[in-house]
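A.B. asks: Got a file for you: data-v1.txt, compact mmCIF, C-alpha atoms and all ligand atoms.
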```txt
# COMPACT_ATOMS: atom_id res chain seq x y z
CA MET Z 1 -10.15 41.09 -4.13
CA LEU Z 2 -8.85 37.59 -4.91
CA ASP Z 3 -8.19 36.61 -8.51
CA LEU Z 4 -9.05 33.04 -7.58
CA ALA Z 5 -10.49 31.34 -4.50
CA ILE Z 6 -9.95 27.59 -4.25
CA ILE Z 7 -12.22 25.78 -1.80
CA GLY Z 8 -10.74 22.50 -0.52
CA GLY Z 9 -7.12 21.51 -0.10
CA GLY Z 10 -7.06 17.89 -1.29
CA PRO Z 11 -5.16 16.74 -4.40
CA ALA Z 12 -7.53 18.71 -6.69
CA GLY Z 13 -7.33 21.99 -4.75
CA LEU Z 14 -3.57 21.82 -4.21
CA SER Z 15 -2.88 21.07 -7.89
CA ALA Z 16 -5.18 23.91 -8.90
CA GLY Z 17 -3.23 26.24 -6.60
CA LEU Z 18 0.10 25.12 -8.07
CA TYR Z 19 -1.00 25.63 -11.67
CA ALA Z 20 -2.73 28.96 -10.98
CA THR Z 21 0.18 30.58 -9.11
CA ARG Z 22 2.87 29.10 -11.33
CA GLY Z 23 0.79 30.30 -14.28
CA GLY Z 24 1.17 33.87 -13.05
CA LEU Z 25 -1.88 34.59 -10.87
CA LYS Z 26 -0.79 36.69 -7.91
CA ASN Z 27 -3.75 36.75 -5.61
CA VAL Z 28 -4.84 33.15 -5.03
CA ALA Z 29 -6.10 31.71 -1.74
CA LEU Z 30 -6.81 28.10 -0.82
CA PHE Z 31 -9.55 27.72 1.79
CA GLU Z 32 -9.07 24.45 3.66
CA MET Z 33 -10.74 23.76 6.96
CA GLY Z 34 -8.08 21.32 8.12
CA MET Z 35 -4.51 20.59 7.14
CA PRO Z 36 -4.18 20.37 3.34
CA GLY Z 37 -3.98 16.83 1.95
CA GLY Z 38 -7.56 15.62 1.65
CA GLN Z 39 -9.05 12.16 2.07
CA ILE Z 40 -5.96 10.25 1.06
CA THR Z 41 -4.19 11.32 4.26
CA GLY Z 42 -6.48 8.83 6.05
CA SER Z 43 -5.13 5.92 3.98
CA SER Z 44 -2.39 3.67 5.32
CA GLU Z 45 -0.92 3.09 1.85
CA ILE Z 46 -1.02 4.34 -1.71
CA GLU Z 47 0.81 2.56 -4.52
CA ASN Z 48 -0.98 3.63 -7.70
CA TYR Z 49 0.24 7.21 -8.18
CA PRO Z 50 2.45 7.24 -11.29
CA GLY Z 51 6.05 8.18 -10.57
CA VAL Z 52 5.94 7.22 -6.89
CA ALA Z 53 7.39 3.71 -6.98
CA GLN Z 54 7.43 2.91 -3.28
CA VAL Z 55 4.30 2.23 -1.21
CA VAL Z 56 3.82 5.09 1.27
CA SER Z 57 1.13 6.20 3.70
CA GLY Z 58 -1.33 8.84 2.48
CA MET Z 59 0.07 11.30 4.99
CA ASP Z 60 3.68 10.87 3.82
CA PHE Z 61 2.52 10.94 0.21
CA MET Z 62 0.81 14.34 0.54
CA GLN Z 63 3.56 16.04 2.57
CA PRO Z 64 5.69 17.19 -0.41
CA TRP Z 65 2.55 18.36 -2.26
CA GLN Z 66 2.01 21.10 0.30
CA GLU Z 67 5.58 22.28 0.09
CA GLN Z 68 5.55 22.31 -3.73
CA CYS Z 69 2.08 23.80 -4.14
CA PHE Z 70 2.72 26.71 -1.75
CA ARG Z 71 6.14 27.53 -3.24
CA PHE Z 72 4.75 29.90 -5.89
CA GLY Z 73 2.71 32.17 -3.65
CA LEU Z 74 -0.50 30.29 -2.95
CA LYS Z 75 -1.97 31.54 0.34
CA HIS Z 76 -3.52 29.06 2.78
CA GLU Z 77 -6.60 30.25 4.65
CA MET Z 78 -7.35 27.71 7.35
CA ALA Z 79 -11.08 28.28 7.28
CA GLU Z 80 -14.31 26.45 6.67
CA VAL Z 81 -16.32 27.94 3.84
CA VAL Z 82 -20.07 27.78 4.42
CA ARG Z 83 -21.24 29.29 1.15
CA VAL Z 84 -20.07 30.58 -2.22
CA SER Z 85 -22.45 33.03 -3.90
CA LYS Z 86 -22.26 35.46 -6.81
CA GLN Z 87 -23.46 39.04 -7.30
CA GLY Z 88 -22.92 40.45 -10.76
CA ASP Z 89 -19.47 39.28 -11.82
CA ILE Z 90 -18.10 38.90 -8.29
CA PHE Z 91 -18.10 35.84 -6.04
CA GLN Z 92 -18.44 36.00 -2.24
CA ILE Z 93 -16.70 33.38 -0.14
CA ILE Z 94 -18.55 33.24 3.15
CA GLN Z 95 -16.70 31.58 6.01
CA ALA Z 96 -17.91 29.85 9.18
CA ASP Z 97 -16.56 32.70 11.35
CA GLY Z 98 -18.78 35.16 9.47
CA LYS Z 99 -15.97 36.72 7.41
CA SER Z 100 -16.53 37.18 3.70
CA VAL Z 101 -13.96 37.58 0.89
CA GLU Z 102 -14.54 38.57 -2.72
CA ALA Z 103 -13.08 36.73 -5.69
CA LYS Z 104 -13.14 37.04 -9.47
CA SER Z 105 -13.22 33.28 -9.99
CA VAL Z 106 -13.70 30.13 -7.88
CA ILE Z 107 -12.62 26.49 -8.08
CA VAL Z 108 -14.63 24.22 -5.78
CA ALA Z 109 -12.66 21.10 -4.82
CA THR Z 110 -14.34 19.98 -1.62
CA GLY Z 111 -14.33 16.25 -2.44
CA GLY Z 112 -16.63 13.80 -0.75
CA LYS Z 113 -16.68 10.75 1.47
CA PRO Z 114 -17.95 7.19 1.27
CA LYS Z 115 -20.79 6.47 3.71
CA LYS Z 116 -20.10 4.17 6.63
CA SER Z 117 -22.22 1.03 7.10
CA GLY Z 118 -22.20 1.09 10.90
CA VAL Z 119 -21.27 -2.62 11.07
CA LYS Z 120 -19.45 -3.78 14.20
CA GLY Z 121 -15.69 -3.74 13.54
CA GLU Z 122 -15.90 -1.35 10.56
CA LEU Z 123 -14.10 1.52 12.29
CA GLU Z 124 -11.62 -0.71 14.14
CA PHE Z 125 -10.45 -2.30 10.87
CA TRP Z 126 -10.83 0.80 8.63
CA GLY Z 127 -7.82 0.73 6.31
CA LYS Z 128 -6.74 -2.63 7.78
CA GLY Z 129 -8.99 -4.84 5.69
CA VAL Z 130 -12.01 -2.57 5.42
CA SER Z 131 -11.97 -0.54 2.21
CA THR Z 132 -14.31 1.61 0.15
CA CYS Z 133 -12.25 1.60 -3.06
CA ALA Z 134 -11.54 -1.47 -5.18
CA THR Z 135 -9.33 0.46 -7.62
CA CYS Z 136 -7.20 1.67 -4.68
CA ASP Z 137 -6.96 -1.51 -2.60
CA GLY Z 138 -8.08 -4.46 -4.74
CA PHE Z 139 -4.52 -5.39 -5.69
CA PHE Z 140 -3.63 -6.01 -2.03
CA TYR Z 141 -6.07 -8.98 -2.17
CA LYS Z 142 -4.66 -10.63 -5.30
CA ASN Z 143 -5.69 -14.32 -5.35
CA LYS Z 144 -7.50 -13.95 -2.03
CA GLU Z 145 -11.19 -14.07 -1.12
CA VAL Z 146 -13.03 -10.84 -0.27
CA VAL Z 147 -16.52 -9.68 0.67
CA VAL Z 148 -18.34 -6.85 -1.12
CA LEU Z 149 -21.20 -5.23 0.79
CA GLY Z 150 -23.87 -3.33 -1.16
CA GLY Z 151 -26.41 -3.68 -3.94
CA GLY Z 152 -26.13 -0.57 -6.13
CA ASP Z 153 -24.25 0.10 -9.36
CA THR Z 154 -20.98 0.88 -7.57
CA ALA Z 155 -21.06 -2.30 -5.45
CA LEU Z 156 -21.73 -4.50 -8.46
CA GLU Z 157 -19.19 -2.81 -10.72
CA GLU Z 158 -16.54 -2.99 -7.99
CA ALA Z 159 -17.39 -6.68 -7.41
CA ILE Z 160 -16.75 -7.33 -11.10
CA TYR Z 161 -13.46 -5.35 -10.90
CA LEU Z 162 -12.37 -7.38 -7.84
CA SER Z 163 -13.29 -10.70 -9.50
CA ARG Z 164 -10.46 -10.05 -12.01
CA ILE Z 165 -7.91 -9.86 -9.19
CA CYS Z 166 -9.28 -11.94 -6.30
CA SER Z 167 -9.88 -15.69 -6.19
CA LYS Z 168 -13.48 -15.21 -5.01
CA VAL Z 169 -15.89 -12.36 -4.24
CA TYR Z 170 -18.83 -12.82 -1.85
CA LEU Z 171 -21.43 -10.19 -2.79
CA VAL Z 172 -23.60 -9.55 0.27
CA HIS Z 173 -26.80 -7.50 -0.03
CA ARG Z 174 -29.74 -7.10 2.31
CA ARG Z 175 -32.35 -7.47 -0.43
CA ASN Z 176 -32.80 -10.10 -3.13
CA GLU Z 177 -33.02 -7.40 -5.81
CA PHE Z 178 -30.10 -5.17 -6.80
CA ARG Z 179 -30.45 -1.44 -7.61
CA ALA Z 180 -28.12 -1.50 -10.61
CA ALA Z 181 -28.25 -1.41 -14.40
CA PRO Z 182 -29.77 -4.65 -15.75
CA SER Z 183 -26.65 -5.34 -17.85
CA THR Z 184 -24.41 -5.00 -14.76
CA ILE Z 185 -26.66 -7.36 -12.77
CA ALA Z 186 -26.49 -9.86 -15.65
CA HIS Z 187 -22.66 -9.67 -15.71
CA VAL Z 188 -22.51 -10.29 -11.96
CA LYS Z 189 -24.83 -13.28 -12.20
CA GLU Z 190 -22.79 -14.78 -15.06
CA ASN Z 191 -19.48 -14.29 -13.19
CA GLU Z 192 -18.28 -17.62 -11.77
CA LYS Z 193 -15.98 -15.92 -9.25
CA ILE Z 194 -18.82 -13.97 -7.61
CA GLU Z 195 -21.04 -15.75 -5.05
CA ILE Z 196 -24.22 -13.73 -4.43
CA ILE Z 197 -25.50 -14.01 -0.86
CA THR Z 198 -28.96 -12.40 -0.46
CA PRO Z 199 -30.88 -11.41 1.56
CA ALA Z 200 -28.06 -11.07 4.04
CA VAL Z 201 -26.59 -8.57 6.46
CA VAL Z 202 -23.06 -8.28 7.78
CA LYS Z 203 -23.14 -8.73 11.58
CA GLU Z 204 -19.46 -8.32 12.38
CA ILE Z 205 -16.04 -7.65 10.88
CA GLY Z 206 -13.38 -9.34 13.00
CA GLY Z 207 -9.66 -9.99 13.11
CA ASP Z 208 -6.54 -9.14 15.08
CA SER Z 209 -3.67 -6.65 15.07
CA MET Z 210 -2.73 -7.82 11.54
CA GLY Z 211 -6.14 -6.80 10.19
CA VAL Z 212 -9.40 -8.42 9.13
CA SER Z 213 -9.57 -12.24 9.16
CA PHE Z 214 -13.30 -12.94 9.09
CA VAL Z 215 -16.72 -11.46 8.36
CA THR Z 216 -19.87 -12.84 9.96
CA ILE Z 217 -23.10 -12.57 8.01
CA GLU Z 218 -26.68 -13.48 8.78
CA THR Z 219 -28.70 -14.92 5.94
CA ASN Z 220 -32.18 -16.45 6.18
CA GLY Z 221 -31.96 -16.58 9.97
CA GLU Z 222 -28.61 -18.40 9.98
CA GLU Z 223 -25.13 -17.10 10.78
CA ARG Z 224 -22.28 -17.81 8.39
CA ARG Z 225 -18.61 -17.01 8.91
CA LEU Z 226 -16.54 -16.06 5.88
CA ASP Z 227 -12.78 -16.32 6.46
CA VAL Z 228 -11.57 -13.38 4.37
CA PRO Z 229 -8.82 -10.76 4.83
CA GLY Z 230 -10.86 -7.95 3.28
CA ILE Z 231 -14.29 -6.40 2.94
CA PHE Z 232 -15.24 -3.63 0.50
CA ILE Z 233 -18.17 -1.49 1.62
CA PHE Z 234 -20.29 0.38 -0.95
CA VAL Z 235 -23.36 1.75 0.79
CA GLY Z 236 -23.36 5.22 -0.72
CA TYR Z 237 -21.23 8.32 -1.26
CA GLU Z 238 -21.72 11.85 0.07
CA VAL Z 239 -20.56 14.69 -2.16
CA ASN Z 240 -19.36 17.71 -0.15
CA ASN Z 241 -21.38 20.26 -2.12
CA SER Z 242 -22.90 22.24 0.75
CA VAL Z 243 -20.84 25.36 -0.08
CA LEU Z 244 -22.86 25.67 -3.30
CA LYS Z 245 -26.22 25.74 -1.49
CA GLN Z 246 -27.76 29.22 -1.50
CA GLU Z 247 -29.87 30.81 1.22
CA ASP Z 248 -33.07 30.02 -0.71
CA GLY Z 249 -32.08 26.33 -0.96
CA SER Z 250 -31.09 26.44 -4.66
CA MET Z 251 -27.66 25.36 -5.87
CA LEU Z 252 -25.24 27.92 -7.31
CA CYS Z 253 -24.66 25.75 -10.39
CA GLU Z 254 -26.11 22.64 -11.99
CA CYS Z 255 -25.67 19.38 -10.06
CA ASP Z 256 -26.85 15.88 -10.96
CA GLU Z 257 -29.35 13.80 -8.95
CA TRP Z 258 -26.60 12.66 -6.55
CA GLY Z 259 -25.37 16.22 -5.96
CA SER Z 260 -22.22 15.90 -8.08
CA VAL Z 261 -21.33 19.11 -9.90
CA VAL Z 262 -21.90 19.08 -13.65
CA VAL Z 263 -18.75 20.20 -15.51
CA ASP Z 264 -17.43 20.07 -19.06
CA LEU Z 265 -13.98 18.82 -20.03
CA SER Z 266 -12.42 22.13 -18.96
CA MET Z 267 -14.01 21.72 -15.46
CA LYS Z 268 -16.32 24.65 -16.22
CA THR Z 269 -19.66 24.56 -14.35
CA SER Z 270 -22.97 26.03 -15.57
CA LEU Z 271 -22.04 29.36 -13.89
CA LYS Z 272 -19.48 31.68 -15.52
CA GLY Z 273 -16.24 31.93 -13.51
CA LEU Z 274 -17.06 28.88 -11.36
CA TYR Z 275 -15.12 25.63 -11.83
CA ALA Z 276 -15.24 22.28 -10.01
CA ALA Z 277 -12.50 19.67 -9.71
CA GLY Z 278 -11.92 16.25 -8.14
CA ASP Z 279 -14.29 13.87 -6.41
CA LEU Z 280 -17.25 16.26 -6.29
CA ARG Z 281 -17.62 16.57 -10.06
CA ILE Z 282 -19.78 14.27 -12.19
CA GLN Z 283 -18.30 10.92 -13.22
CA ALA Z 284 -15.21 11.41 -11.06
CA PRO Z 285 -13.07 8.25 -11.02
CA LYS Z 286 -12.29 9.10 -7.36
CA GLN Z 287 -8.55 8.67 -7.66
CA VAL Z 288 -5.75 11.02 -6.59
CA VAL Z 289 -4.21 11.15 -10.05
CA CYS Z 290 -7.57 12.12 -11.60
CA ALA Z 291 -8.32 14.75 -8.93
CA ALA Z 292 -4.87 16.28 -9.48
CA GLY Z 293 -5.47 16.35 -13.24
CA ASP Z 294 -8.83 18.03 -12.72
CA GLY Z 295 -7.26 20.67 -10.48
CA ALA Z 296 -4.63 21.50 -13.10
CA THR Z 297 -7.26 21.64 -15.87
CA ALA Z 298 -9.52 23.91 -13.80
CA ALA Z 299 -6.64 26.31 -13.05
CA LEU Z 300 -5.66 26.53 -16.73
CA SER Z 301 -9.30 27.29 -17.55
CA VAL Z 302 -9.34 30.04 -14.91
CA LEU Z 303 -6.20 31.61 -16.44
CA SER Z 304 -7.97 31.84 -19.83
CA TYR Z 305 -11.20 33.08 -18.19
CA LEU Z 306 -9.45 35.91 -16.34
CA GLU Z 307 -7.42 36.85 -19.39
CA GLY Z 308 -10.57 37.42 -21.40
CA HIS Z 309 -12.40 39.07 -18.54
P1 LIG Z 401 -10.57 15.43 -1.08
O1 LIG Z 401 -9.34 14.64 -1.00
O2 LIG Z 401 -11.81 14.90 -0.46
O3 LIG Z 401 -10.25 16.88 -0.47
C1 LIG Z 401 -11.26 17.81 -0.22
C2 LIG Z 401 -10.78 18.77 0.83
O4 LIG Z 401 -11.73 19.81 0.96
C3 LIG Z 401 -10.63 18.15 2.22
O5 LIG Z 401 -9.31 18.35 2.68
C4 LIG Z 401 -11.66 18.87 3.07
O6 LIG Z 401 -11.19 19.12 4.41
C5 LIG Z 401 -11.84 20.19 2.32
N1 LIG Z 401 -13.16 20.77 2.51
C6 LIG Z 401 -14.36 20.17 2.34
N2 LIG Z 401 -15.36 21.03 2.58
C7 LIG Z 401 -14.77 22.20 2.94
C8 LIG Z 401 -15.29 23.48 3.30
N3 LIG Z 401 -16.59 23.71 3.39
N4 LIG Z 401 -14.42 24.46 3.62
C9 LIG Z 401 -13.07 24.25 3.55
N5 LIG Z 401 -12.53 23.06 3.21
C10 LIG Z 401 -13.37 22.05 2.90
N6 LIG Z 401 -7.04 7.29 -4.44
C11 LIG Z 401 -6.02 6.76 -5.16
O7 LIG Z 401 -5.72 7.25 -6.24
N7 LIG Z 401 -5.27 5.73 -4.65
C12 LIG Z 401 -5.50 5.17 -3.44
O8 LIG Z 401 -4.82 4.22 -3.02
C13 LIG Z 401 -6.57 5.73 -2.66
N8 LIG Z 401 -6.84 5.22 -1.44
C14 LIG Z 401 -7.82 5.79 -0.69
C15 LIG Z 401 -8.02 5.34 0.59
C16 LIG Z 401 -8.97 5.92 1.40
C17 LIG Z 401 -9.17 5.41 2.83
C18 LIG Z 401 -9.79 6.98 0.89
C19 LIG Z 401 -10.84 7.62 1.76
C20 LIG Z 401 -9.61 7.43 -0.40
C21 LIG Z 401 -8.62 6.86 -1.20
N9 LIG Z 401 -8.39 7.31 -2.51
C22 LIG Z 401 -7.34 6.79 -3.23
C23 LIG Z 401 -9.26 8.32 -3.14
C24 LIG Z 401 -8.61 9.71 -3.07
O9 LIG Z 401 -8.24 10.00 -1.74
C25 LIG Z 401 -9.59 10.75 -3.60
O10 LIG Z 401 -9.99 10.42 -4.91
C26 LIG Z 401 -8.94 12.15 -3.64
O11 LIG Z 401 -8.45 12.50 -2.37
C27 LIG Z 401 -9.94 13.20 -4.09
O12 LIG Z 401 -9.33 14.45 -4.03
P2 LIG Z 401 -10.16 15.81 -3.96
O13 LIG Z 401 -9.15 16.88 -3.89
O14 LIG Z 401 -11.19 15.83 -5.00
O15 LIG Z 401 -10.98 15.74 -2.58
```
Represent the structure from my file as structure tokens, please.
Ligand code: FAD
C.D. replies:
Amino acid sequence: MLDLAIIGGGPAGLSAGLYATRGGLKNVALFEMGMPGGQITGSSEIENYPGVAQVVSGMDFMQPWQEQCFRFGLKHEMAEVVRVSKQGDIFQIIQADGKSVEAKSVIVATGGKPKKSGVKGELEFWGKGVSTCATCDGFFYKNKEVVVLGGGDTALEEAIYLSRICSKVYLVHRRNEFRAAPSTIAHVKENEKIEIITPAVVKEIGGDSMGVSFVTIETNGEERRLDVPGIFIFVGYEVNNSVLKQEDGSMLCECDEWGSVVVDLSMKTSLKGLYAAGDLRIQAPKQVVCAAGDGATAALSVLSYLEGH
């Protein structure tokens, strides 16, 4: 039986593996359906991880993590987990190939992914002017104009964040009303650097080999071309929580209305022995440094849990 099963091999899962094995746990397995590294491996550049001064691609950035995190005995199971369940004190890790492994404790670190808008040009310019993270990429557009697409809390908050860095933010939303907190809507409306364009839809994201150079929108039956090098798309976020779904449709532990796992400051969930870390937990800042911190915290909590078990 495993002392600890970690589901997901992004920054949270890898850091959890490092802290658990270096902390003395012998029988720890990391279940990752692809190559370890997580979402950031799809990014062309990361420059906000403390201690890494040069700008590197997400792939290059995560390479040494694997080497370091597996050095202390963490086992990598290249497998997709379909469900985690619990009988008595023991967890079952059920895999897509039908195999099942038992574990005394579990850290779920399966992350999530921003939803795509389906706009023409979105995939072609993904990471080359199309972004889903203002904290990650906003600085690349310092003193430039950008478009923000979306009308929820995240879109409006990110538009405000970008207005501090960029010369102008065009906020494009298909309805006249926003689905955000009234105070956030008020701040957006007061912000002189944000131009609200509603009701409007983005028709095309265009550019060349250097990246995005324009965004075409349709508003009130008319087309308008915005010459911008970047567009930030906030049309929703999917939390990868399916492993927590039980056969009867219930969730193994408490989740909020968006499916994010409820944890306390020690990354403990509502179920004894089950921890969650990284982008799938409530109020996650969705940054590598935060996911890594969560993973370390969760592993330290597991060490105390197993000690008292
Ligand atoms: P993830 O990185 O999502 O890792 C989860 C892992 O779990 C994945 O590898 C997945 O394959 C695996 N998994 C999921 N389900 C299963 C299953 N059922 N069975 C087995 N394995 C499973 N952050 C920054 O700090 N700076 C940046 O500049 C930055 N840029 C970004 C650019 C892009 C394009 C994207 C998409 C994100 C960016 N981020 C950035 C955000 C950052 O990547 C995430 O916050 C971070 O990766 C979250 O880590 P995580 O470990 O929680 O989850």
A.B. asks: What is the CA of Ser250 (chain Z)-CA of Val108 (chain Z) distance in Å, reported with one decimal?
C.D. replies: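 Atom-to-atom, CA of Ser250 (chain Z) to CA of Val108 (chain Z), that is 16.6 Å.
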A.B. asks: Considering only C-alpha atoms, return as an NGL selection string whatever protein or nucleic-acid residues lie within 7 Å of region 1-15 of chain Z, sequence-local ones (same chain, fewer than 4 positions apart) excluded.
C.D. replies: :Z and (19 or 27-32 or 36-39 or 69 or 102-110 or 277-278 or 288 or 291-292 or 294-296)
A.B. asks: Give the answer as one residue: which of Z:Val188, Z:Val243, Z:Ala299, Z:Ile94 has the shortest atom-to-atom distance to Asp153 (chain Z), using all atoms listed in the file?
C.D. replies: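 Closest residue, counting all atoms listed in the file: Z:Val188.
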A.B. asks: Let me make sure I understand: among Z:Val146, Z:Ala79, Z:Val55, Z:Leu226, which one has the smallest atom-to-atom distance to ligand LIG 401 (chain Z) if we use all atoms listed in the file?
C.D. replies: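 Closest residue, counting all atoms listed in the file: Z:Ala79.
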A.B. asks: If I take CA of Val239 (chain Z) and CA of Lys113 (chain Z), how far is one from the other in Å, to one decimal?
C.D. replies: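 Spanning CA of Val239 (chain Z) to CA of Lys113 (chain Z) is a straight-line distance of 6.6 Å.
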A.B. asks: What is the CA of Tyr141 (chain Z) to CA of Pro285 (chain Z) distance in Å?
C.D. replies: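 For CA of Tyr141 (chain Z) relative to CA of Pro285 (chain Z), the distance reads 20.6 Å.
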A.B. asks: Nearest to Ile93 (chain Z): which of Z:Ala186, Z:Val119, Z:Ala53, Z:Leu244 is it, counting only C-alpha atoms?
C.D. replies: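 For Ile93 (chain Z), the nearest of the candidates is Z:Leu244.
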A.B. asks: Which one is closest to Lys168 (chain Z): Z:Leu25, Z:Leu274, Z:Ile194, Z:Val81? Count only C-alpha atoms.
C.D. replies: Z:Ile194
